[in-house]
$ cat data.txt   # compact mmCIF, C-alpha atoms and all ligand atoms
# COMPACT_ATOMS: atom_id res chain seq x y z
CA MET A 1 93.39 107.44 147.43
CA GLN A 2 90.93 106.72 144.62
CA GLN A 3 89.99 103.07 144.69
CA LEU A 4 87.57 100.99 142.70
CA SER A 5 86.21 97.87 144.40
CA LEU A 6 84.08 95.61 142.30
CA PHE A 7 83.92 92.72 144.65
CA LYS A 8 80.84 93.85 146.57
CA LYS A 9 78.83 93.79 143.36
CA VAL A 10 77.11 90.46 142.71
CA ASP A 11 78.91 88.46 140.00
CA ALA A 12 81.88 90.83 139.96
CA PRO A 13 85.44 89.61 140.44
CA PRO A 14 86.96 90.02 143.91
CA VAL A 15 89.47 92.69 142.91
CA GLN A 16 90.34 96.24 143.91
CA TYR A 17 91.83 98.65 141.41
CA ILE A 18 93.79 101.66 142.64
CA PRO A 19 94.64 103.77 139.56
CA SER A 20 97.14 106.12 141.25
CA PHE A 21 98.81 103.90 143.80
CA LEU A 22 102.12 105.55 142.81
CA SER A 23 102.58 109.16 141.71
CA LYS A 24 103.88 109.68 138.16
CA GLU A 25 107.33 110.57 139.53
CA GLN A 26 107.46 107.43 141.72
CA ALA A 27 106.25 105.27 138.84
CA ASP A 28 108.82 106.77 136.41
CA LEU A 29 111.67 106.06 138.85
CA LEU A 30 110.48 102.53 139.51
CA LEU A 31 110.07 101.81 135.79
CA ARG A 32 113.69 102.87 135.23
CA HIS A 33 114.79 100.53 138.03
CA CYS A 34 112.72 97.66 136.64
CA LEU A 35 114.09 98.01 133.12
CA ASP A 36 117.56 97.38 134.62
CA LEU A 37 116.50 94.12 136.33
CA GLU A 38 117.67 90.74 135.02
CA TRP A 39 115.06 89.71 132.46
CA GLN A 40 114.99 86.34 130.77
CA GLN A 41 113.30 84.75 127.80
CA ASN A 42 111.79 81.50 129.08
CA GLN A 43 110.39 78.58 127.16
CA ILE A 44 107.19 76.77 128.04
CA LYS A 45 106.12 73.24 127.14
CA MET A 46 102.61 73.18 125.63
CA LEU A 47 100.97 70.24 123.87
CA GLY A 48 104.35 68.53 123.65
CA LYS A 49 106.04 71.54 122.01
CA LEU A 50 108.60 73.93 123.48
CA LEU A 51 107.45 77.52 122.81
CA GLN A 52 108.89 80.91 123.69
CA VAL A 53 106.93 82.67 126.45
CA PRO A 54 105.51 85.78 124.69
CA ARG A 55 107.12 88.27 127.11
CA LEU A 56 110.28 88.48 129.24
CA GLU A 57 110.14 87.36 132.87
CA THR A 58 112.01 87.80 136.10
CA ILE A 59 111.59 86.93 139.77
CA TYR A 60 112.92 88.44 143.00
CA GLY A 61 112.16 87.28 146.52
CA ASP A 62 113.05 85.30 149.61
CA GLU A 63 115.51 82.42 149.41
CA GLY A 64 113.92 78.97 148.95
CA CYS A 65 110.88 80.37 147.11
CA ASP A 66 111.39 78.73 143.71
CA TYR A 67 108.23 79.13 141.61
CA LEU A 68 107.13 76.54 139.04
CA TYR A 69 104.23 77.40 136.73
CA SER A 70 102.34 75.36 134.15
CA ASN A 71 104.49 72.41 135.30
CA SER A 72 107.05 73.77 132.92
CA VAL A 73 108.77 77.06 133.79
CA LEU A 74 110.88 77.19 136.96
CA LEU A 75 111.72 80.66 138.27
CA THR A 76 114.41 80.96 140.97
CA PRO A 77 114.29 84.27 142.85
CA ARG A 78 117.18 86.70 142.98
CA PRO A 79 117.53 88.60 146.28
CA TRP A 80 115.18 91.57 146.75
CA THR A 81 116.48 94.88 145.42
CA ALA A 82 115.92 97.82 147.81
CA PRO A 83 113.20 99.48 145.64
CA LEU A 84 111.30 96.19 145.17
CA ASP A 85 111.47 95.40 148.88
CA SER A 86 110.25 98.87 149.80
CA LEU A 87 107.39 98.56 147.30
CA ARG A 88 106.50 95.16 148.78
CA GLN A 89 106.27 96.77 152.24
CA SER A 90 103.98 99.58 151.00
CA ILE A 91 101.69 97.08 149.28
CA GLU A 92 101.63 94.82 152.34
CA HIS A 93 100.74 97.81 154.50
CA LEU A 94 97.92 98.89 152.20
CA SER A 95 96.48 95.45 151.51
CA GLY A 96 97.09 93.65 154.80
CA TYR A 97 98.54 90.64 152.91
CA GLN A 98 102.12 89.31 153.04
CA PHE A 99 104.24 88.53 150.01
CA ASN A 100 107.51 86.56 149.64
CA ILE A 101 108.12 86.91 145.90
CA VAL A 102 107.53 89.28 143.03
CA ILE A 103 107.29 88.00 139.47
CA GLY A 104 107.97 90.53 136.73
CA ASN A 105 106.62 90.49 133.18
CA LEU A 106 108.13 92.76 130.54
CA TYR A 107 105.81 93.30 127.58
CA ARG A 108 108.14 94.73 124.92
CA ASP A 109 105.28 95.89 122.69
CA GLY A 110 101.70 94.98 121.77
CA ARG A 111 102.77 91.57 120.46
CA ASP A 112 103.71 90.43 123.96
CA SER A 113 100.88 89.04 126.06
CA ILE A 114 99.73 86.55 128.65
CA GLY A 115 96.86 84.20 127.80
CA TRP A 116 93.85 83.18 129.88
CA HIS A 117 94.95 81.58 133.14
CA SER A 118 94.57 81.64 136.88
CA ASP A 119 97.47 81.67 139.30
CA ALA A 120 96.73 78.62 141.39
CA GLU A 121 100.17 77.08 141.85
CA LYS A 122 100.49 74.97 145.02
CA SER A 123 103.55 76.96 146.07
CA MET A 124 101.34 79.99 146.84
CA GLY A 125 99.21 78.07 149.34
CA VAL A 126 95.40 78.03 149.50
CA LYS A 127 93.47 81.02 148.11
CA PRO A 128 96.37 83.42 147.65
CA ALA A 129 95.95 87.18 147.39
CA ILE A 130 98.04 88.64 144.53
CA ALA A 131 98.87 92.32 144.10
CA SER A 132 99.70 93.49 140.60
CA LEU A 133 101.52 96.75 139.92
CA SER A 134 101.72 98.18 136.40
CA LEU A 135 104.30 100.54 134.90
CA GLY A 136 104.73 101.99 131.42
CA ALA A 137 102.27 101.55 128.57
CA GLU A 138 98.63 101.07 129.50
CA ARG A 139 97.34 97.60 128.62
CA LYS A 140 93.95 95.93 128.71
CA PHE A 141 93.55 93.37 131.51
CA GLN A 142 90.55 91.08 131.11
CA ILE A 143 89.02 88.96 133.81
CA ARG A 144 86.19 86.46 133.35
CA SER A 145 84.35 83.96 135.51
CA ASN A 146 85.21 80.30 134.97
CA ASP A 147 81.70 79.70 133.56
CA LYS A 148 82.37 82.59 131.07
CA LYS A 149 79.11 84.32 132.05
CA HIS A 150 80.76 87.44 133.45
CA SER A 151 83.70 89.42 132.16
CA TYR A 152 85.30 92.77 132.96
CA ASP A 153 88.03 94.83 131.30
CA PHE A 154 90.44 97.08 133.18
CA TRP A 155 92.96 99.42 131.56
CA LEU A 156 95.98 99.09 133.82
CA GLY A 157 97.84 102.40 133.82
CA HIS A 158 101.30 103.59 134.89
CA GLY A 159 101.61 103.33 138.71
CA SER A 160 98.31 101.48 139.22
CA LEU A 161 97.71 98.58 141.59
CA LEU A 162 95.22 95.77 141.12
CA VAL A 163 94.71 93.52 144.15
CA MET A 164 93.22 90.12 143.40
CA GLN A 165 91.63 88.99 146.65
CA PRO A 166 91.65 85.41 148.05
CA GLY A 167 89.26 83.27 145.98
CA CYS A 168 89.80 85.24 142.77
CA GLN A 169 92.13 82.58 141.33
CA SER A 170 89.65 79.75 142.09
CA ASN A 171 86.67 81.28 140.27
CA TRP A 172 88.10 83.64 137.67
CA LYS A 173 90.68 83.65 134.88
CA HIS A 174 92.57 86.66 133.55
CA GLN A 175 94.69 87.69 130.58
CA VAL A 176 96.51 90.59 128.91
CA PRO A 177 95.75 90.10 125.20
CA LYS A 178 97.96 91.08 122.28
CA THR A 179 97.11 94.38 120.61
CA SER A 180 97.85 95.73 117.13
CA SER A 181 98.11 99.29 118.53
CA LEU A 182 101.60 100.76 118.39
CA ILE A 183 102.43 100.88 122.07
CA GLY A 184 105.57 100.95 124.17
CA ARG A 185 106.97 98.81 126.91
CA ARG A 186 105.03 97.77 129.97
CA VAL A 187 106.32 96.18 133.16
CA ASN A 188 103.98 94.28 135.45
CA LEU A 189 105.00 93.15 138.93
CA THR A 190 102.88 90.57 140.75
CA PHE A 191 103.56 90.28 144.49
CA ARG A 192 102.69 86.80 145.70
CA PRO A 193 102.82 84.68 148.86
CA HIS A 194 104.97 81.54 148.79
CA VAL A 195 105.04 78.50 151.03
CA LYS A 196 108.82 78.05 151.23
CA GLY A 197 110.16 74.73 150.00
CA ILE A 198 107.14 73.87 147.79
CA LYS A 199 107.57 74.16 144.03
O1 LIG A 201 100.50 91.75 133.22
C1 LIG A 201 99.50 91.64 133.91
O2 LIG A 201 98.79 92.59 134.22
C2 LIG A 201 99.05 90.27 134.38
C3 LIG A 201 100.18 89.34 134.71
C4 LIG A 201 99.69 87.97 135.07
O3 LIG A 201 98.56 87.63 134.83
C5 LIG A 201 100.59 87.02 135.70
O4 LIG A 201 101.79 87.31 135.90
O5 LIG A 201 100.13 85.91 136.04

$ encode --input "data.txt" --output "structure tokens" --more "lines below"
Ligand SMILES: O=C(O)CCC(=O)C(=O)O
Amino acid sequence: MQQLSLFKKVDAPPVQYIPSFLSKEQADLLLRHCLDLEWQQNQIKMLGKLLQVPRLETIYGDEGCDYLYSNSVLLTPRPWTAPLDSLRQSIEHLSGYQFNIVIGNLYRDGRDSIGWHSDAEKSMGVKPAIASLSLGAERKFQIRSNDKKHSYDFWLGHGSLLVMQPGCQSNWKHQVPKTSSLIGRRVNLTFRPHVKGIK
């Protein structure tokens, strides 16, 4: 399996990118399944204002793994679907990490995005590993060091997997910026650990 590891390079983010984690046929099937999941338009409180999150979101996972982010959006998991659970097991097998939840983002077109952030919610425990699977339209994923001295761009393609290793969230931020290109839908699934009972 072709795999790109940057994390042995000095000043590179601790990530591994596997462009063809899924075959095209597997990725097409999974995309169809994901488009039928329960997606919701959430609102986030920022600077005292309630704004629409610029993408649709969903969460599946173990019971008791509610996920609160930005002290504002609470996601309560639905039970695993069979395809998501089987994907979780393949990713656990490959990466050696364990995951209790998967958060989905549906980017309807190039206007949908996620801004600079790190995923450091207490509910994931200390130094979580996060595995991010992409389906549909290719989008630019940017990652930069907290001191802004180092930055890298990845083009996350259909069926690819990006594993953010422990420590990545403490020292690096990432985003998927808006684009004016006419592009189609993209689904991103981030498999995460969760310390049950902590929000
Ligand atoms: O869509 C992506 O590739 C990134 C998603 C992300 O950063 C997140 O869910 O926290």

$ closest_residue --input "data.txt" --among "A:Pro177, A:Gly48, A:Gly61, A:Pro13" --to "Tyr107 (chain A)" --atoms "all atoms listed in the file"
A:Pro177

$ residues_near_ligand --input "data.txt" --ligand "ligand LIG 201 (chain A)" --cutoff "6 Å" --atoms "all atoms listed in the file" --output "NGL selection string"
:A and (119 or 141 or 175-176 or 188 or 190)

$ write_last_selection --input "data.txt" --atoms "C-alpha atoms" --output "short mmCIF file (atom, residue, chain, number, x, y, z; two decimals), in the coordinates of the input"
data_model
loop_
_atom_site.label_atom_id
_atom_site.label_comp_id
_atom_site.auth_asym_id
_atom_site.auth_seq_id
_atom_site.Cartn_x
_atom_site.Cartn_y
_atom_site.Cartn_z
CA ASP A 119 97.47 81.67 139.30
CA PHE A 141 93.55 93.37 131.51
CA GLN A 175 94.69 87.69 130.58
CA VAL A 176 96.51 90.59 128.91
CA ASN A 188 103.98 94.28 135.45
CA THR A 190 102.88 90.57 140.75
#

$ closest_atom_pairs --input "data.txt" --of "region 110-191 of chain A" --to "region 98-105 of chain A" --cutoff "10 Å" --atoms "all atoms listed in the file" --output "tab-separated table"
residue	atom	partner	partner_atom	distance
A:Asp112	CA	A:Asn105	CA	9.7
A:Ser113	CA	A:Asn105	CA	9.3
A:Ile114	CA	A:Asn105	CA	9.1
A:Met124	CA	A:Asn100	CA	9.4
A:Pro128	CA	A:Phe99	CA	9.7
A:Ala129	CA	A:Gln98	CA	8.6
A:Ile130	CA	A:Phe99	CA	8.3
A:Ala131	CA	A:Phe99	CA	8.8
A:Ser132	CA	A:Val102	CA	9.2
A:Leu133	CA	A:Gly104	CA	9.5
A:Ser134	CA	A:Asn105	CA	9.7
A:Arg186	CA	A:Asn105	CA	8.1
A:Val187	CA	A:Asn105	CA	5.7
A:Asn188	CA	A:Asn105	CA	5.1
A:Leu189	CA	A:Gly104	CA	4.5
A:Thr190	CA	A:Ile103	CA	5.3
A:Phe191	CA	A:Val102	CA	4.3

$ closest_residue --input "data.txt" --among "A:His93, A:Arg139, A:Lys45, A:His117" --to "Ser170 (chain A)" --atoms "only C-alpha atoms"
A:His117

$ closest_residue --input "data.txt" --among "A:Leu35, A:Ile183, A:Ile91, A:Ala120" --to "Asn171 (chain A)" --atoms "only C-alpha atoms"
A:Ala120

$ closest_residue --input "data.txt" --among "A:Gln142, A:Asn71, A:Thr179, A:Ser90" --to "Leu161 (chain A)" --atoms "only C-alpha atoms"
A:Ser90
